[in-house]
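Undergrad: For reference, the file structure_16.cif (mmCIF, C-alpha atoms (C1' of nucleotides)) is included below:
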```cif
data_entry
#
loop_
_atom_site.label_atom_id
_atom_site.label_comp_id
_atom_site.auth_asym_id
_atom_site.auth_seq_id
_atom_site.Cartn_x
_atom_site.Cartn_y
_atom_site.Cartn_z
CA MET A 84 37.98 22.94 41.84
CA MET A 85 34.93 24.65 40.42
CA SER A 86 34.13 24.15 36.75
CA PRO A 87 33.06 27.07 34.53
CA GLU A 88 29.63 25.48 34.06
CA SER A 89 29.18 25.29 37.82
CA MET A 90 30.05 28.96 38.11
CA ASP A 91 27.54 29.74 35.37
CA THR A 92 24.71 28.05 37.21
CA VAL A 93 25.65 29.64 40.53
CA PHE A 94 25.94 33.17 39.17
CA GLN A 95 22.81 32.77 37.08
CA ALA A 96 20.94 31.53 40.13
CA LEU A 97 22.11 34.56 42.10
CA GLY A 98 21.30 36.92 39.24
CA ASN A 99 17.68 37.29 40.24
CA ALA A 100 16.60 39.32 43.25
CA GLN A 101 13.47 37.26 43.87
CA ARG A 102 15.59 34.13 43.93
CA ARG A 103 18.16 35.68 46.27
CA ARG A 104 15.32 36.57 48.62
CA MET A 105 14.10 32.98 48.57
CA LEU A 106 17.62 31.75 49.27
CA ASP A 107 17.73 34.19 52.13
CA PHE A 108 14.46 32.85 53.47
CA VAL A 109 15.76 29.30 53.37
CA LYS A 110 18.97 30.43 55.03
CA ASN A 111 16.92 31.96 57.86
CA HIS A 112 14.47 29.04 58.07
CA PRO A 113 16.56 25.91 57.73
CA GLY A 114 14.42 22.85 57.06
CA CYS A 115 11.45 24.88 55.87
CA ALA A 116 8.97 23.40 53.38
CA VAL A 117 8.36 24.51 49.81
CA GLY A 118 4.93 25.79 50.72
CA GLU A 119 6.31 27.88 53.56
CA VAL A 120 8.60 29.63 51.13
CA ALA A 121 5.79 30.12 48.64
CA ALA A 122 3.59 31.65 51.33
CA GLY A 123 6.06 34.47 51.79
CA PHE A 124 6.20 35.52 48.15
CA ASP A 125 3.76 37.19 45.83
CA VAL A 126 4.21 34.83 42.89
CA SER A 127 2.60 31.48 42.17
CA ARG A 128 3.74 28.36 43.95
CA VAL A 129 4.92 26.92 40.65
CA ALA A 130 7.14 29.96 40.08
CA VAL A 131 8.58 29.51 43.55
CA MET A 132 9.25 25.84 42.83
CA ARG A 133 11.06 26.79 39.63
CA HIS A 134 13.24 29.26 41.53
CA LEU A 135 14.00 26.69 44.18
CA ALA A 136 14.88 24.17 41.48
CA VAL A 137 17.32 26.65 39.94
CA LEU A 138 18.89 27.25 43.35
CA GLU A 139 19.15 23.52 43.95
CA GLU A 140 20.69 22.88 40.52
CA ALA A 141 23.26 25.52 41.42
CA GLY A 142 24.00 23.65 44.65
CA LEU A 143 22.90 26.61 46.74
CA ILE A 144 20.02 24.67 48.25
CA ILE A 145 19.83 21.10 49.42
CA SER A 146 16.48 19.39 49.80
CA ASP A 147 15.30 16.42 51.69
CA LYS A 148 11.84 14.96 51.08
CA ARG A 149 10.13 13.21 53.95
CA GLY A 150 6.62 12.03 53.36
CA ARG A 151 4.80 14.61 51.30
CA THR A 152 6.98 17.46 52.52
CA ARG A 153 10.27 18.58 51.02
CA HIS A 154 12.57 20.29 53.47
CA LEU A 155 15.06 22.89 52.30
CA TYR A 156 18.50 23.86 53.53
CA MET A 157 20.97 26.37 52.29
CA ASN A 158 24.40 25.21 51.24
CA VAL A 159 27.09 27.88 51.52
CA VAL A 160 29.79 25.86 49.79
CA PRO A 161 29.38 27.31 46.26
CA ILE A 162 29.37 30.86 47.60
CA GLN A 163 32.35 30.07 49.75
CA MET A 164 34.18 28.71 46.70
CA ILE A 165 33.63 31.92 44.76
CA HIS A 166 34.49 34.01 47.77
CA ASP A 167 37.77 32.17 48.24
CA ARG A 168 38.62 32.39 44.58
CA TRP A 169 37.96 36.12 44.53
CA SER A 170 40.05 36.56 47.64
CA SER A 171 43.07 35.03 45.99
CA GLU A 172 42.44 36.50 42.57
CA TYR A 173 41.70 40.12 43.40
CA SER A 174 43.13 40.74 46.85
CA ALA A 175 46.09 42.54 45.34
CA MET A 176 43.86 44.70 43.17
CA TRP A 177 41.63 45.68 46.06
CA ALA A 178 44.52 47.43 47.69
CA GLY A 179 45.82 49.37 44.73
CA ARG A 180 43.31 49.22 41.90
CA VAL A 181 41.85 52.69 42.16
CA LEU A 182 45.27 54.26 42.15
CA ASP A 183 46.42 51.95 39.37
CA ILE A 184 43.64 52.96 37.01
CA LYS A 185 44.01 56.55 38.00
CA TYR A 186 47.68 56.23 37.13
CA LEU A 187 46.90 54.60 33.80
CA ALA A 188 44.26 57.20 32.98
CA GLU A 189 46.66 60.00 33.76
CA GLN A 190 49.36 58.40 31.68
CA ARG A 191 47.00 58.24 28.72
CA THR A 192 45.81 61.75 29.37
CA ALA A 193 49.38 62.92 29.16
CA GLU A 194 49.84 61.15 25.84
CA TYR A 195 46.49 62.32 24.46
CA PRO A 196 45.56 65.61 26.10
CA ASP A 197 42.03 65.50 24.68
CA ALA A 198 41.22 62.17 26.33
CA PRO A 199 38.69 62.34 29.15
CA ASP A 200 40.00 61.55 32.61
CA ARG A 201 38.24 58.33 33.52
CA ALA A 202 39.85 57.92 36.90
CA ALA A 203 36.76 59.37 38.54
CA SER A 204 34.65 56.52 37.15
CA VAL A 205 36.62 53.82 38.87
CA THR A 206 34.20 53.64 41.73
CA HIS A 207 31.26 53.39 39.36
CA LEU A 208 28.51 51.01 40.36
CA PRO A 209 25.69 49.84 38.10
CA GLY A 210 22.55 51.82 38.60
CA GLU A 211 24.33 55.12 38.54
CA ARG A 212 24.54 56.55 35.03
CA LYS A 213 28.06 57.19 33.88
CA GLY A 214 29.07 60.79 33.31
CA GLN A 215 26.15 62.28 35.22
CA THR A 216 27.95 62.84 38.48
CA MET B 217 25.15 50.33 49.50
CA MET B 218 24.46 48.08 46.54
CA SER B 219 20.91 47.93 45.20
CA PRO B 220 19.28 44.61 44.30
CA GLU B 221 19.11 45.67 40.65
CA SER B 222 22.84 46.33 40.67
CA MET B 223 23.47 42.89 42.09
CA ASP B 224 21.23 41.42 39.40
CA THR B 225 23.24 43.00 36.61
CA VAL B 226 26.57 42.03 38.16
CA PHE B 227 25.61 38.41 38.77
CA GLN B 228 23.98 38.11 35.37
CA ALA B 229 27.09 39.54 33.76
CA LEU B 230 29.22 36.98 35.59
CA GLY B 231 26.80 34.17 34.77
CA ASN B 232 28.35 33.50 31.39
CA ALA B 233 31.71 31.78 31.02
CA GLN B 234 32.52 33.49 27.73
CA ARG B 235 31.93 36.85 29.38
CA ARG B 236 34.02 35.95 32.42
CA ARG B 237 36.86 35.04 30.05
CA MET B 238 36.57 38.41 28.37
CA LEU B 239 36.59 40.16 31.72
CA ASP B 240 39.66 38.15 32.57
CA PHE B 241 41.32 39.24 29.34
CA VAL B 242 40.62 42.88 30.10
CA LYS B 243 41.91 42.38 33.62
CA ASN B 244 45.17 41.00 32.22
CA HIS B 245 45.40 43.57 29.41
CA PRO B 246 44.38 46.88 30.98
CA GLY B 247 43.71 49.53 28.34
CA CYS B 248 43.22 47.01 25.57
CA ALA B 249 40.97 47.80 22.60
CA VAL B 250 37.67 46.16 21.69
CA GLY B 251 39.23 44.58 18.62
CA GLU B 252 42.03 43.07 20.65
CA VAL B 253 39.51 41.33 22.84
CA ALA B 254 37.53 40.16 19.82
CA ALA B 255 40.67 38.73 18.23
CA GLY B 256 41.05 36.33 21.13
CA PHE B 257 37.58 34.83 20.93
CA ASP B 258 35.84 32.60 18.48
CA VAL B 259 32.61 34.58 18.19
CA SER B 260 31.78 37.57 16.02
CA ARG B 261 33.04 41.02 16.93
CA VAL B 262 29.45 42.15 17.44
CA ALA B 263 28.89 39.40 19.97
CA VAL B 264 32.03 40.46 21.80
CA MET B 265 30.82 44.07 21.82
CA ARG B 266 27.53 42.95 23.31
CA HIS B 267 29.32 41.02 26.05
CA LEU B 268 31.54 44.00 26.78
CA ALA B 269 28.47 46.22 26.94
CA VAL B 270 26.89 43.88 29.48
CA LEU B 271 30.05 43.95 31.55
CA GLU B 272 30.18 47.73 31.35
CA GLU B 273 26.50 48.08 32.32
CA ALA B 274 27.31 45.94 35.33
CA GLY B 275 30.15 48.30 36.22
CA LEU B 276 32.73 45.55 35.85
CA ILE B 277 34.42 47.29 32.93
CA ILE B 278 35.21 50.93 32.36
CA SER B 279 35.89 52.21 28.87
CA ASP B 280 37.59 55.25 27.54
CA LYS B 281 37.36 56.16 23.86
CA ARG B 282 40.24 58.04 22.30
CA GLY B 283 40.10 58.66 18.61
CA ARG B 284 38.65 55.63 16.92
CA THR B 285 39.78 53.26 19.65
CA ARG B 286 37.95 52.39 22.84
CA HIS B 287 40.19 51.31 25.68
CA LEU B 288 38.95 48.94 28.34
CA TYR B 289 39.75 48.58 32.02
CA MET B 290 38.43 46.27 34.65
CA ASN B 291 36.76 47.71 37.70
CA VAL B 292 36.91 45.48 40.78
CA VAL B 293 34.58 47.58 42.89
CA PRO B 294 31.35 45.61 42.24
CA ILE B 295 33.08 42.30 42.93
CA GLN B 296 34.63 43.77 46.02
CA MET B 297 31.21 44.90 47.21
CA ILE B 298 29.77 41.43 46.87
CA HIS B 299 32.84 39.89 48.42
CA ASP B 300 32.60 42.18 51.43
CA ARG B 301 28.90 41.56 51.82
CA TRP B 302 29.41 37.82 51.71
CA SER B 303 32.20 38.08 54.25
CA SER B 304 29.94 39.72 56.76
CA GLU B 305 26.85 37.70 55.91
CA TYR B 306 28.23 34.18 55.84
CA SER B 307 31.39 34.31 57.91
CA ALA B 308 29.64 32.58 60.79
CA MET B 309 28.19 29.88 58.55
CA TRP B 310 31.51 29.13 56.91
CA ALA B 311 32.86 28.04 60.23
CA GLY B 312 30.06 25.82 61.40
CA ARG B 313 27.61 25.20 58.58
CA VAL B 314 28.59 21.67 57.68
CA LEU B 315 28.27 20.54 61.26
CA ASP B 316 25.03 22.45 61.69
CA ILE B 317 23.35 20.74 58.76
CA LYS B 318 24.78 17.40 59.76
CA TYR B 319 23.27 17.98 63.17
CA LEU B 320 19.91 18.93 61.70
CA ALA B 321 19.91 15.96 59.36
CA GLU B 322 20.71 13.60 62.20
CA GLN B 323 18.01 15.14 64.32
CA ARG B 324 15.46 14.55 61.57
CA THR B 325 16.78 11.07 60.94
CA ALA B 326 16.17 10.29 64.57
CA GLU B 327 12.60 11.56 64.34
CA TYR B 328 11.93 9.88 60.98
CA PRO B 329 14.05 6.74 60.73
CA ASP B 330 13.15 6.25 57.04
CA ALA B 331 14.47 9.67 56.04
CA PRO B 332 17.66 9.63 53.99
CA ASP B 333 20.71 11.10 55.69
CA ARG B 334 21.44 14.22 53.68
CA ALA B 335 24.42 15.35 55.71
CA ALA B 336 26.80 13.87 53.13
CA SER B 337 25.37 16.16 50.46
CA VAL B 338 26.30 19.31 52.23
CA THR B 339 29.44 19.70 50.22
CA HIS B 340 27.52 19.22 46.99
CA LEU B 341 28.62 21.33 44.05
CA PRO B 342 26.68 21.73 40.83
CA GLY B 343 27.82 19.36 38.16
CA GLU B 344 27.88 16.38 40.47
CA ARG B 345 24.62 14.50 40.49
CA LYS B 346 23.09 14.20 43.91
CA GLY B 347 22.82 10.80 45.47
CA GLN B 348 25.35 9.13 43.19
CA THR B 349 28.31 9.15 45.55
"C1'" DT C 46 41.35 63.61 -0.58
"C1'" DC C 47 40.70 58.86 -0.25
"C1'" DC C 48 41.29 54.56 1.78
"C1'" DA C 49 41.90 51.52 5.56
"C1'" DC C 50 40.83 50.70 10.15
"C1'" DA C 51 38.14 50.56 14.64
"C1'" DT C 52 33.96 50.82 16.23
"C1'" DG C 53 28.90 51.19 16.24
"C1'" DT C 54 24.03 50.08 14.55
"C1'" DA C 55 20.11 47.44 12.22
"C1'" DA C 56 17.62 43.52 11.22
"C1'" DT C 57 16.97 38.93 12.28
"C1'" DA C 58 16.87 33.91 14.08
"C1'" DT C 59 16.83 30.77 17.82
"C1'" DA C 60 17.11 29.62 22.67
"C1'" DT C 61 16.34 30.49 27.43
"C1'" DG C 62 13.98 32.75 31.38
"C1'" DC C 63 9.98 33.71 34.13
"C1'" DA C 64 5.50 33.72 34.91
"C1'" DT C 65 0.71 31.85 34.50
"C1'" DT C 66 -3.46 28.17 34.99
"C1'" DA C 67 -5.00 23.49 34.96
"C1'" DC C 68 -4.24 18.89 36.09
"C1'" DA C 69 -1.66 14.74 38.37
"C1'" DT C 70 0.51 12.26 42.08
"C1'" DA C 71 1.50 10.99 46.65
"C1'" DT C 72 0.76 11.16 51.74
"C1'" DT C 73 -1.57 11.98 56.10
"C1'" DC C 74 -5.45 11.54 58.96
"C1'" DG C 75 -10.54 11.33 60.23
"C1'" DC D 66 -11.77 4.46 52.34
"C1'" DG D 67 -11.95 9.27 51.11
"C1'" DA D 68 -10.97 14.15 51.78
"C1'" DA D 69 -7.52 17.52 52.70
"C1'" DT D 70 -2.78 18.63 52.06
"C1'" DA D 71 1.94 19.08 49.85
"C1'" DT D 72 4.25 18.69 46.05
"C1'" DG D 73 5.07 17.76 41.11
"C1'" DT D 74 4.08 18.08 35.93
"C1'" DA D 75 2.09 19.91 31.44
"C1'" DA D 76 0.93 23.40 28.30
"C1'" DT D 77 1.47 28.01 27.20
"C1'" DG D 78 2.54 33.28 26.62
"C1'" DC D 79 5.68 36.81 26.53
"C1'" DA D 80 10.20 39.01 27.42
"C1'" DT D 81 15.10 38.75 27.32
"C1'" DA D 82 19.63 36.65 25.91
"C1'" DT D 83 22.90 35.31 22.48
"C1'" DA D 84 24.39 34.92 18.23
"C1'" DT D 85 24.55 35.97 13.16
"C1'" DT D 86 25.36 39.08 8.57
"C1'" DA D 87 25.09 43.46 6.35
"C1'" DC D 88 25.61 48.23 6.53
"C1'" DA D 89 26.93 52.97 8.74
"C1'" DT D 90 29.91 56.20 11.09
"C1'" DG D 91 34.00 58.33 12.49
"C1'" DT D 92 39.23 58.72 12.57
"C1'" DG D 93 44.14 58.56 11.03
"C1'" DG D 94 47.56 58.54 7.63
"C1'" DA D 95 49.73 58.15 2.69
#
```
Could you express the structure from this file as C-alpha cells?

TA:
Amino acid sequence: MMSPESMDTVFQALGNAQRRRMLDFVKNHPGCAVGEVAAGFDVSRVAVMRHLAVLEEAGLIISDKRGRTRHLYMNVVPIQMIHDRWSSEYSAMWAGRVLDIKYLAEQRTAEYPDAPDRAASVTHLPGERKGQT
Amino acid sequence: MMSPESMDTVFQALGNAQRRRMLDFVKNHPGCAVGEVAAGFDVSRVAVMRHLAVLEEAGLIISDKRGRTRHLYMNVVPIQMIHDRWSSEYSAMWAGRVLDIKYLAEQRTAEYPDAPDRAASVTHLPGERKGQT
DNA sequence: TCCACATGTAATATATGCATTACATATTCG
DNA sequence: CGAATATGTAATGCATATATTACATGTGGA
C-alpha cells in the first residue's frame, strides 16, 4: 500500500517540468552520472542535484555511488502504483463520466432554468481559460 | 495534447493529501457546495476555498454557481490524460524493469566488486529508508 | 425590508521551493 | 604526492504555498 505522505512526495516531485525532464533523461540514460544530467540542463549543477534528490526521496530515482561517481536509475514502481490505483478507482468514471456530468448539469438546468449549462466544460484542461471557448 | 504547464498544475494540485481528500469528497458528493466540503475538514473555510481553487485551476474540479451556492463536480479528464500517457510511456518498463535494473546492477557489480548490489532497492517506495532492509 | 446564509476578498504570518555562488570532501591518475 | 575531476555542503535571496482572522458582497426567505 502507498501512504498519503508517499503520494505527496511523488506528486510534488512530478509537479515540476524541469524535474520531469531530468527524470526522463535518467530513464533514457540508465546508469548515467549526476554531471551528465547537469550537462544537459541550463541550471546550475547544485540545482540539478537538488532536483535529483527530490526525485530520489520520492523513490522515482535510485542511485548507486561507485568511487567518486553516483550512477542514477529510474524506478517506475511509484508511478506504477499510482497508475494501478487510478485504474481501479476511476475506470468506471472514464467510461461514463462525461455523460454523467452532462446528465447532472441538465438535471440542474431543468430545476433552475437560469443556471449555466456546464456540461461543455467537462473536457476542460488547465491552460485553457474557462468560458472563453 | 497536454502541455507541461498543465501537468505541473495537475501534479501540484495532487501533491497535497488534504487536497486529494477534498477532491475525493467532491468525487463522492457530485454537486456538493463549498460549505459542505468545508464542514468535513478541520481547516478554515478560506483554506478549503483556496484548495478548491487550486483543484479547479488544475481542471480537476468544475464548479457551477447557482444563486448563492457554488456546486462542485470532479472532472476525471486530466487524470485520464496522465494515466493514458503513462500507459503508453511505461508499459514496456512495467513488464521488465525490475529484471533490467537487476541485470544492470549485477553487470556493474561484476565490473566493480566493491559496489553495493542495488537490485534489491528497485522496489523502493518513499517512506522506507534505503539500505535498512 | 431586514436578516441569515453562502460565498468571496483583504491583509498577514510562517514555511517551503527553487535558484544562485563559494567552499569542502573524496577519488582517480600522472 | 599533487592536480584534475565528481560530488557534496553552506549560506543566501526571492517567489510561492498554506494557513489564519476580519470584513465585504450577493441571495433567499420571513

Undergrad: Specify as a list in words all residues of chain D found within 7 Å of chain B, counting all atoms listed in the file.

TA: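 Output check: DA84, DG91 and DT92 of chain D.
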
Undergrad: When the cut-off is 10 Å and we count all atoms listed in the file, which residues of chain C are near chain B, given as a VMD selection string?

TA: chain C and resid 50 to 53

Undergrad: Neighbours of region 77-79 of chain D within 10 Å (only C-alpha atoms (C1' of nucleotides); same-chain residues fewer than 5 positions away dropped), as number ranges by chain?

TA: C: 63-66

Undergrad: Once the PyMOL selection byres ((chain C and resi 48) around 12) has been applied to the shown file, what residues remain in the selection, as a ChimeraX atom specification?

TA: /C:46-47,49-50 /D:92-95

Undergrad: Emit the selected residues as a compact mmCIF listing (two decimals), in the coordinates of the input, including C-alpha atoms (C1' of nucleotides).

TA:
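In the end it all went to again38.txt:
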```txt
# COMPACT_ATOMS: atom_id res chain seq x y z
C1' DT C 46 41.35 63.61 -0.58
C1' DC C 47 40.70 58.86 -0.25
C1' DA C 49 41.90 51.52 5.56
C1' DC C 50 40.83 50.70 10.15
C1' DT D 92 39.23 58.72 12.57
C1' DG D 93 44.14 58.56 11.03
C1' DG D 94 47.56 58.54 7.63
C1' DA D 95 49.73 58.15 2.69
```

Undergrad: Run the PyMOL selection byres ((chain D and resi 69) around 12) on the file and write out the hits as an NGL selection string.

TA: (:C and (72-75)) or (:D and (67-68 or 70-71))

Undergrad: Applied to the shown file, which residues does the PyMOL selection byres ((chain C and resi 56-58) around 12) return, written as a list in words?

TA: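 What the PyMOL selection byres ((chain C and resi 56-58) around 12) grabs from the file is DT54, DA55, DT59 and DA60 of chain C; DT83, DA84, DT85, DT86, DA87 and DC88 of chain D.
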
Undergrad: What does the structure give for the distance between CA of Phe227 (chain B) and CA of Asp91 (chain A), in Å to one decimal?

TA: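 Separating CA of Phe227 (chain B) from CA of Asp91 (chain A) is a distance of 9.5 Å.
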
Undergrad: Nearest to chain A among B:Leu268, B:Val242, B:Ser307, B:Val293, with distances taken over all atoms listed in the file: which residue is it?

TA: B:Val293

Undergrad: Please, what distance in Å, to one decimal, runs between C1' of DG73 (chain D) and CA of Glu119 (chain A)?

TA: 16.1 Å
